[in-house]
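Chemist: Structure: target02.cif, mmCIF, C-alpha atoms.
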data_structure
loop_
_atom_site.group_PDB
_atom_site.id
_atom_site.type_symbol
_atom_site.label_atom_id
_atom_site.label_comp_id
_atom_site.auth_asym_id
_atom_site.auth_seq_id
_atom_site.Cartn_x
_atom_site.Cartn_y
_atom_site.Cartn_z
ATOM 1 C CA MET W 1 98.187 86.133 61.274
ATOM 2 C CA GLN W 2 101.378 85.267 63.131
ATOM 3 C CA ILE W 3 102.090 86.071 66.764
ATOM 4 C CA ARG W 4 105.745 86.138 67.646
ATOM 5 C CA THR W 5 108.300 87.685 69.959
ATOM 6 C CA GLU W 6 109.216 91.275 69.140
ATOM 7 C CA ILE W 7 112.460 91.838 67.237
ATOM 8 C CA PHE W 8 114.500 95.040 66.897
ATOM 9 C CA LYS W 9 113.045 96.078 63.538
ATOM 10 C CA ASP W 10 109.485 95.967 64.966
ATOM 11 C CA ALA W 11 109.885 99.141 67.046
ATOM 12 C CA ALA W 12 108.390 101.579 64.517
ATOM 13 C CA GLY W 13 105.448 99.273 63.783
ATOM 14 C CA ILE W 14 104.776 98.819 67.501
ATOM 15 C CA ARG W 15 104.766 102.575 67.970
ATOM 16 C CA LEU W 16 102.156 102.903 65.194
ATOM 17 C CA VAL W 17 99.990 100.205 66.811
ATOM 18 C CA HIS W 18 99.796 102.008 70.155
ATOM 19 C CA GLN W 19 99.304 105.451 68.644
ATOM 20 C CA ALA W 20 96.411 104.143 66.544
ATOM 21 C CA ALA W 21 94.904 101.999 69.314
ATOM 22 C CA PHE W 22 94.936 104.720 71.963
ATOM 23 C CA GLY W 23 94.681 107.836 69.778
ATOM 24 C CA GLN W 24 97.678 109.388 71.509
ATOM 25 C CA ARG W 25 101.396 108.742 71.961
ATOM 26 C CA THR W 26 101.477 108.018 75.716
ATOM 27 C CA GLU W 27 101.414 104.217 75.430
ATOM 28 C CA ALA W 28 103.902 104.248 72.531
ATOM 29 C CA ASP W 29 106.227 106.416 74.635
ATOM 30 C CA LEU W 30 105.788 103.986 77.549
ATOM 31 C CA VAL W 31 106.853 101.013 75.398
ATOM 32 C CA GLU W 32 109.963 102.866 74.240
ATOM 33 C CA ALA W 33 110.840 103.931 77.782
ATOM 34 C CA LEU W 34 110.363 100.388 79.078
ATOM 35 C CA ARG W 35 112.738 99.049 76.409
ATOM 36 C CA GLU W 36 115.456 101.272 77.866
ATOM 37 C CA ASP W 37 114.703 100.472 81.509
ATOM 38 C CA GLU W 38 116.027 97.694 83.730
ATOM 39 C CA ALA W 39 112.413 96.503 84.060
ATOM 40 C CA SER W 40 112.500 95.528 80.396
ATOM 41 C CA LEU W 41 111.820 91.868 79.689
ATOM 42 C CA PRO W 42 112.053 91.609 75.881
ATOM 43 C CA HIS W 43 111.076 87.937 75.867
ATOM 44 C CA TYR W 44 107.634 89.059 77.119
ATOM 45 C CA SER W 45 107.006 91.419 74.204
ATOM 46 C CA ARG W 46 104.874 89.933 71.430
ATOM 47 C CA VAL W 47 103.537 91.260 68.156
ATOM 48 C CA ALA W 48 100.709 90.189 65.871
ATOM 49 C CA VAL W 49 101.824 90.347 62.234
ATOM 50 C CA THR W 50 99.672 89.968 59.113
ATOM 51 C CA ASP W 51 100.639 87.764 56.189
ATOM 52 C CA LYS W 52 101.834 90.954 54.468
ATOM 53 C CA GLY W 53 104.182 91.788 57.349
ATOM 54 C CA GLU W 54 102.145 94.592 58.948
ATOM 55 C CA ILE W 55 102.309 94.748 62.732
ATOM 56 C CA VAL W 56 98.721 95.110 63.943
ATOM 57 C CA GLY W 57 98.986 94.248 67.643
ATOM 58 C CA HIS W 58 101.419 94.331 70.549
ATOM 59 C CA VAL W 59 101.543 93.277 74.185
ATOM 60 C CA LEU W 60 104.225 93.736 76.812
ATOM 61 C CA LEU W 61 104.987 92.417 80.283
ATOM 62 C CA SER W 62 107.544 94.232 82.420
ATOM 63 C CA ARG W 63 108.983 93.773 85.901
ATOM 64 C CA ILE W 64 107.192 95.352 88.845
ATOM 65 C CA TYR W 65 107.096 94.522 92.547
ATOM 66 C CA ILE W 66 104.403 93.970 95.120
ATOM 67 C CA GLU W 67 106.335 95.489 97.993
ATOM 68 C CA ASP W 68 109.621 93.586 97.451
ATOM 69 C CA ILE W 69 108.162 90.522 95.712
ATOM 70 C CA PRO W 70 108.798 90.308 91.947
ATOM 71 C CA SER W 71 105.724 90.414 89.760
ATOM 72 C CA LEU W 72 104.819 91.468 86.223
ATOM 73 C CA ALA W 73 102.745 94.295 84.759
ATOM 74 C CA LEU W 74 100.624 93.663 81.689
ATOM 75 C CA ALA W 75 100.802 96.999 79.887
ATOM 76 C CA PRO W 76 100.233 98.140 77.340
ATOM 77 C CA VAL W 77 98.119 95.954 75.092
ATOM 78 C CA GLY W 78 97.222 97.500 71.753
ATOM 79 C CA VAL W 79 95.615 96.460 68.483
ATOM 80 C CA LYS W 80 95.112 98.753 65.488
ATOM 81 C CA PRO W 81 91.451 99.813 65.318
ATOM 82 C CA HIS W 82 90.687 98.037 62.019
ATOM 83 C CA TRP W 83 91.919 94.771 63.556
ATOM 84 C CA GLN W 84 90.143 95.057 66.903
ATOM 85 C CA ARG W 85 87.386 92.642 67.968
ATOM 86 C CA LYS W 86 88.950 89.794 65.987
ATOM 87 C CA GLY W 87 90.592 88.028 68.951
ATOM 88 C CA ILE W 88 94.091 89.378 68.313
ATOM 89 C CA GLY W 89 94.442 91.166 71.654
ATOM 90 C CA SER W 90 93.131 88.129 73.497
ATOM 91 C CA GLU W 91 95.591 85.821 71.772
ATOM 92 C CA LEU W 92 98.492 88.185 72.508
ATOM 93 C CA ILE W 93 97.490 88.238 76.177
ATOM 94 C CA ARG W 94 97.084 84.468 76.368
ATOM 95 C CA GLN W 95 100.518 83.918 74.860
ATOM 96 C CA VAL W 96 102.394 86.247 77.241
ATOM 97 C CA ILE W 97 100.542 84.748 80.190
ATOM 98 C CA GLU W 98 101.677 81.301 79.092
ATOM 99 C CA ASP W 99 105.240 82.592 78.503
ATOM 100 C CA ALA W 100 105.314 83.968 82.046
ATOM 101 C CA ARG W 101 103.862 80.786 83.513
ATOM 102 C CA GLU W 102 106.436 78.618 81.695
ATOM 103 C CA ALA W 103 109.229 80.891 82.925
ATOM 104 C CA GLY W 104 108.158 80.335 86.534
ATOM 105 C CA GLU W 105 106.749 83.804 87.190
ATOM 106 C CA SER W 106 104.209 84.011 90.004
ATOM 107 C CA HIS W 107 101.655 86.703 89.127
ATOM 108 C CA ILE W 108 100.666 89.469 86.746
ATOM 109 C CA VAL W 109 99.018 92.804 87.572
ATOM 110 C CA VAL W 110 96.915 94.817 85.125
ATOM 111 C CA LEU W 111 94.987 98.073 85.224
ATOM 112 C CA GLY W 112 92.133 97.395 82.848
ATOM 113 C CA HIS W 113 88.505 96.703 82.145
ATOM 114 C CA ASP W 114 86.870 94.549 84.786
ATOM 115 C CA SER W 115 84.570 93.066 82.134
ATOM 116 C CA TYR W 116 87.471 91.954 79.884
ATOM 117 C CA TYR W 117 90.439 90.742 81.929
ATOM 118 C CA PRO W 118 88.654 88.235 84.211
ATOM 119 C CA GLN W 119 88.273 85.908 81.200
ATOM 120 C CA PHE W 120 92.042 85.318 81.452
ATOM 121 C CA GLY W 121 91.967 84.669 85.201
ATOM 122 C CA PHE W 122 92.472 88.177 86.570
ATOM 123 C CA GLU W 123 90.728 89.057 89.837
ATOM 124 C CA ARG W 124 90.412 92.209 91.917
ATOM 125 C CA ALA W 125 93.795 92.857 93.505
ATOM 126 C CA VAL W 126 92.216 94.436 96.579
ATOM 127 C CA ASP W 127 90.710 91.034 97.440
ATOM 128 C CA TYR W 128 94.288 89.823 97.991
ATOM 129 C CA GLY W 129 95.414 92.915 99.885
ATOM 130 C CA ILE W 130 97.280 94.265 96.862
ATOM 131 C CA GLU W 131 96.924 97.982 96.228
ATOM 132 C CA ALA W 132 97.764 100.370 93.410
ATOM 133 C CA PRO W 133 100.287 103.120 94.149
ATOM 134 C CA PHE W 134 97.792 105.711 92.877
ATOM 135 C CA PRO W 135 94.048 106.286 93.225
ATOM 136 C CA VAL W 136 92.135 103.907 90.973
ATOM 137 C CA PRO W 137 88.742 102.174 91.190
ATOM 138 C CA MET W 138 89.265 98.812 92.877
ATOM 139 C CA ASP W 139 87.336 96.960 90.157
ATOM 140 C CA VAL W 140 89.911 97.790 87.463
ATOM 141 C CA PHE W 141 93.128 97.053 89.356
ATOM 142 C CA LEU W 142 93.515 93.317 88.861
ATOM 143 C CA VAL W 143 95.944 90.496 89.588
ATOM 144 C CA MET W 144 96.308 86.964 88.289
ATOM 145 C CA PRO W 145 98.195 84.152 90.009
ATOM 146 C CA LEU W 146 100.207 82.014 87.586
ATOM 147 C CA GLU W 147 100.553 79.109 89.946
ATOM 148 C CA ARG W 148 98.447 77.702 92.745
ATOM 149 C CA GLN W 149 98.947 79.592 96.015
ATOM 150 C CA ALA W 150 101.048 82.274 94.252
ATOM 151 C CA LEU W 151 99.230 85.079 96.065
ATOM 152 C CA LYS W 152 99.098 83.435 99.471
ATOM 153 C CA GLY W 153 100.641 85.758 102.047
ATOM 154 C CA ILE W 154 101.372 88.499 99.516
ATOM 155 C CA ALA W 155 99.957 91.911 100.238
ATOM 156 C CA GLY W 156 101.031 95.487 99.855
ATOM 157 C CA THR W 157 101.437 98.238 97.318
ATOM 158 C CA VAL W 158 102.590 97.648 93.764
ATOM 159 C CA ARG W 159 105.824 99.390 92.762
ATOM 160 C CA TYR W 160 105.982 100.153 89.050
ATOM 161 C CA SER W 161 109.235 100.937 87.233
ATOM 162 C CA LYS W 162 110.158 104.555 86.481
ATOM 163 C CA PRO W 163 108.809 104.623 82.910
ATOM 164 C CA PHE W 164 105.257 104.227 84.211
ATOM 165 C CA SER W 165 105.512 107.481 86.156
ATOM 166 C CA ALA W 166 107.368 109.330 83.387
ATOM 167 C CA VAL W 167 104.604 109.143 80.779
#
Here is a file; write its structure as structure tokens.

Modeler:
Amino acid sequence: MQIRTEIFKDAAGIRLVHQAAFGQRTEADLVEALREDEASLPHYSRVAVTDKGEIVGHVLLSRIYIEDIPSLALAPVGVKPHWQRKGIGSELIRQVIEDAREAGESHIVVLGHDSYYPQFGFERAVDYGIEAPFPVPMDVFLVMPLERQALKGIAGTVRYSKPFSAV
């Protein structure tokens, strides 16, 4: 299994990953819309590829804002069902977190399972005064600082890019 940065020819395989992982096309449509948007950060798009060249997992970070402060959204993360529970999703997430940290980013926001994402360092966003722009249980709207004190003095509502509201 190889994890690498997405390249142009991966688009169809990435679409298949998200359709299989989520059982619908919404997340696949989101990835395609994000590629076309100014929030796109292609260097934060990673794929998991088998030795036979099949793309079995994908993760993406894109630009969002907490009020006017730049941040990143972790979404979507998908792994084909047959390949789930083998650590692929976790490794994809760890790698994009490290990519973001090395690039000097400050924090990442995710809407996801409160029993899964804390293992990477995500905490309840509400505890930092950070709110979702839509109704969501506070235990699943999470944030992770990438550097010490990154969330100090930051509060407000997250602003997602247009593709998130279009799908």

Chemist: Starting from the shown file, work through the PyMOL selection byres ((chain W and resi 111) around 6) and note down what comes out as a list in words.

Modeler: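 Applying the PyMOL selection byres ((chain W and resi 111) around 6) to the structure shown produces Val110, Gly112, Val140 and Phe141 of chain W.
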
Chemist: Between W:Asp10, W:Glu147, W:Glu67, W:Asp29, single out the one closest to Gly121 in chain W, counting all atoms listed in the file.

Modeler: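 The closest residue to Gly121 in chain W is W:Glu147.
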
Chemist: Which one is closest to Ser40 in chain W: W:Leu61, W:Ile88, W:Val17, W:Ile93? Count only C-alpha atoms.

Modeler: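 Of all the options, W:Leu61 lies closest to Ser40 in chain W.
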
Chemist: Just so the selection is clear, what residues does the PyMOL selection byres ((chain W and resi 97-105) around 8) cover here, as a list of chain:residue names?

Modeler: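 For this structure, the PyMOL selection byres ((chain W and resi 97-105) around 8) captures W:Tyr44, W:Ser71, W:Leu72, W:Ile93, W:Arg94, W:Gln95, W:Val96, W:Ser106, W:His107, W:Leu146, W:Glu147.
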
Chemist: If you measure from CA of Leu60 in chain W to CA of Pro42 in chain W, what distance in Å do you get, rounded to one decimal?

Modeler: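 Computed distance, CA of Leu60 in chain W to CA of Pro42 in chain W, equals 8.2 Å.
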
Chemist: Between W:Gln24, W:Ser62, W:Thr157, W:Gln19, which residue has the minimum interatomic distance to Ala39 in chain W, considering only C-alpha atoms?

Modeler: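 Looking only at the distances to Ala39 in chain W, the closest residue turns out to be W:Ser62.
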
Chemist: If I only want range 81-97 of chain W, can you write it with all heavy atoms, as a tab-separated table (two decimals), in the first residue's frame?

Modeler:
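Result file part30.tsv:
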chain	number	residue	atom	x	y	z
W	81	PRO	N	-15.16	0.04	1.11
W	81	PRO	CA	-15.60	-0.84	2.19
W	81	PRO	C	-14.72	-2.06	2.44
W	81	PRO	O	-14.42	-2.39	3.58
W	81	PRO	CB	-17.02	-1.24	1.76
W	81	PRO	CG	-17.50	-0.04	0.99
W	81	PRO	CD	-16.28	0.44	0.23
W	82	HIS	N	-14.28	-2.73	1.40
W	82	HIS	CA	-13.44	-3.93	1.56
W	82	HIS	C	-12.11	-3.61	2.25
W	82	HIS	O	-11.51	-4.49	2.88
W	82	HIS	CB	-13.18	-4.57	0.19
W	82	HIS	CG	-12.24	-5.73	0.24
W	82	HIS	ND1	-12.63	-6.97	0.73
W	82	HIS	CD2	-10.93	-5.86	-0.10
W	82	HIS	CE1	-11.59	-7.79	0.67
W	82	HIS	NE2	-10.56	-7.15	0.17
W	83	TRP	N	-11.68	-2.37	2.17
W	83	TRP	CA	-10.39	-1.96	2.72
W	83	TRP	C	-10.51	-1.24	4.06
W	83	TRP	O	-9.50	-0.85	4.64
W	83	TRP	CB	-9.65	-1.07	1.71
W	83	TRP	CG	-9.24	-1.84	0.49
W	83	TRP	CD1	-9.97	-2.02	-0.66
W	83	TRP	CD2	-8.04	-2.58	0.32
W	83	TRP	NE1	-9.28	-2.81	-1.54
W	83	TRP	CE2	-8.08	-3.16	-0.96
W	83	TRP	CE3	-6.93	-2.79	1.12
W	83	TRP	CZ2	-7.06	-3.94	-1.46
W	83	TRP	CZ3	-5.89	-3.57	0.62
W	83	TRP	CH2	-5.97	-4.14	-0.64
W	84	GLN	N	-11.72	-1.06	4.54
W	84	GLN	CA	-11.93	-0.37	5.81
W	84	GLN	C	-11.46	-1.22	6.98
W	84	GLN	O	-11.35	-2.44	6.88
W	84	GLN	CB	-13.40	0.02	5.97
W	84	GLN	CG	-13.82	1.10	5.00
W	84	GLN	CD	-15.30	1.42	5.06
W	84	GLN	OE1	-16.05	0.89	5.86
W	84	GLN	NE2	-15.73	2.33	4.19
W	85	ARG	N	-11.18	-0.56	8.09
W	85	ARG	CA	-10.73	-1.19	9.34
W	85	ARG	C	-9.37	-1.88	9.20
W	85	ARG	O	-9.08	-2.86	9.86
W	85	ARG	CB	-11.78	-2.17	9.87
W	85	ARG	CG	-13.14	-1.51	10.05
W	85	ARG	CD	-13.93	-2.16	11.13
W	85	ARG	NE	-15.28	-1.67	11.25
W	85	ARG	CZ	-15.64	-0.45	11.65
W	85	ARG	NH1	-14.74	0.45	11.93
W	85	ARG	NH2	-16.91	-0.11	11.75
W	86	LYS	N	-8.55	-1.32	8.32
W	86	LYS	CA	-7.18	-1.83	8.12
W	86	LYS	C	-6.16	-0.72	8.38
W	86	LYS	O	-4.99	-0.89	8.08
W	86	LYS	CB	-7.02	-2.38	6.71
W	86	LYS	CG	-7.94	-3.55	6.39
W	86	LYS	CD	-7.77	-4.03	4.97
W	86	LYS	CE	-8.81	-5.02	4.55
W	86	LYS	NZ	-8.75	-6.33	5.07
W	87	GLY	N	-6.62	0.43	8.90
W	87	GLY	CA	-5.72	1.53	9.23
W	87	GLY	C	-5.44	2.49	8.08
W	87	GLY	O	-4.66	3.43	8.25
W	88	ILE	N	-6.06	2.28	6.95
W	88	ILE	CA	-5.80	3.13	5.78
W	88	ILE	C	-6.31	4.55	6.01
W	88	ILE	O	-5.60	5.52	5.76
W	88	ILE	CB	-6.41	2.51	4.50
W	88	ILE	CG1	-5.70	1.19	4.20
W	88	ILE	CG2	-6.31	3.48	3.33
W	88	ILE	CD1	-6.39	0.34	3.15
W	89	GLY	N	-7.54	4.68	6.47
W	89	GLY	CA	-8.10	6.01	6.74
W	89	GLY	C	-7.28	6.75	7.77
W	89	GLY	O	-6.99	7.94	7.62
W	90	SER	N	-6.89	6.06	8.82
W	90	SER	CA	-6.08	6.68	9.87
W	90	SER	C	-4.75	7.18	9.33
W	90	SER	O	-4.30	8.28	9.66
W	90	SER	CB	-5.83	5.69	11.01
W	90	SER	OG	-7.03	5.37	11.65
W	91	GLU	N	-4.11	6.38	8.49
W	91	GLU	CA	-2.82	6.79	7.93
W	91	GLU	C	-2.99	7.98	6.99
W	91	GLU	O	-2.17	8.90	6.99
W	91	GLU	CB	-2.13	5.63	7.22
W	91	GLU	CG	-0.74	5.96	6.77
W	91	GLU	CD	0.20	6.42	7.88
W	91	GLU	OE1	0.04	6.01	9.05
W	91	GLU	OE2	1.11	7.21	7.58
W	92	LEU	N	-4.04	7.98	6.20
W	92	LEU	CA	-4.32	9.14	5.32
W	92	LEU	C	-4.48	10.40	6.16
W	92	LEU	O	-3.91	11.44	5.84
W	92	LEU	CB	-5.59	8.89	4.50
W	92	LEU	CG	-5.47	7.91	3.34
W	92	LEU	CD1	-6.85	7.47	2.87
W	92	LEU	CD2	-4.69	8.53	2.19
W	93	ILE	N	-5.26	10.30	7.23
W	93	ILE	CA	-5.49	11.45	8.11
W	93	ILE	C	-4.19	11.91	8.75
W	93	ILE	O	-3.88	13.11	8.75
W	93	ILE	CB	-6.56	11.12	9.17
W	93	ILE	CG1	-7.92	10.93	8.51
W	93	ILE	CG2	-6.62	12.21	10.24
W	93	ILE	CD1	-8.97	10.31	9.41
W	94	ARG	N	-3.43	10.98	9.29
W	94	ARG	CA	-2.15	11.36	9.91
W	94	ARG	C	-1.23	12.09	8.93
W	94	ARG	O	-0.59	13.07	9.29
W	94	ARG	CB	-1.44	10.12	10.47
W	94	ARG	CG	-1.92	9.69	11.83
W	94	ARG	CD	-1.00	8.66	12.45
W	94	ARG	NE	-1.23	7.32	11.95
W	94	ARG	CZ	-2.21	6.51	12.37
W	94	ARG	NH1	-3.04	6.92	13.30
W	94	ARG	NH2	-2.34	5.30	11.88
W	95	GLN	N	-1.19	11.61	7.70
W	95	GLN	CA	-0.29	12.23	6.73
W	95	GLN	C	-0.72	13.65	6.35
W	95	GLN	O	0.11	14.54	6.26
W	95	GLN	CB	-0.13	11.35	5.50
W	95	GLN	CG	0.74	10.15	5.80
W	95	GLN	CD	1.28	9.48	4.56
W	95	GLN	OE1	1.35	10.06	3.48
W	95	GLN	NE2	1.67	8.22	4.71
W	96	VAL	N	-2.03	13.89	6.16
W	96	VAL	CA	-2.43	15.26	5.81
W	96	VAL	C	-2.30	16.19	7.01
W	96	VAL	O	-2.02	17.38	6.84
W	96	VAL	CB	-3.83	15.38	5.17
W	96	VAL	CG1	-3.87	14.74	3.80
W	96	VAL	CG2	-4.93	14.88	6.05
W	97	ILE	N	-2.48	15.66	8.21
W	97	ILE	CA	-2.24	16.49	9.40
W	97	ILE	C	-0.78	16.92	9.44
W	97	ILE	O	-0.46	18.08	9.66
W	97	ILE	CB	-2.64	15.74	10.69
W	97	ILE	CG1	-4.16	15.63	10.79
W	97	ILE	CG2	-2.07	16.44	11.92
W	97	ILE	CD1	-4.64	14.71	11.91
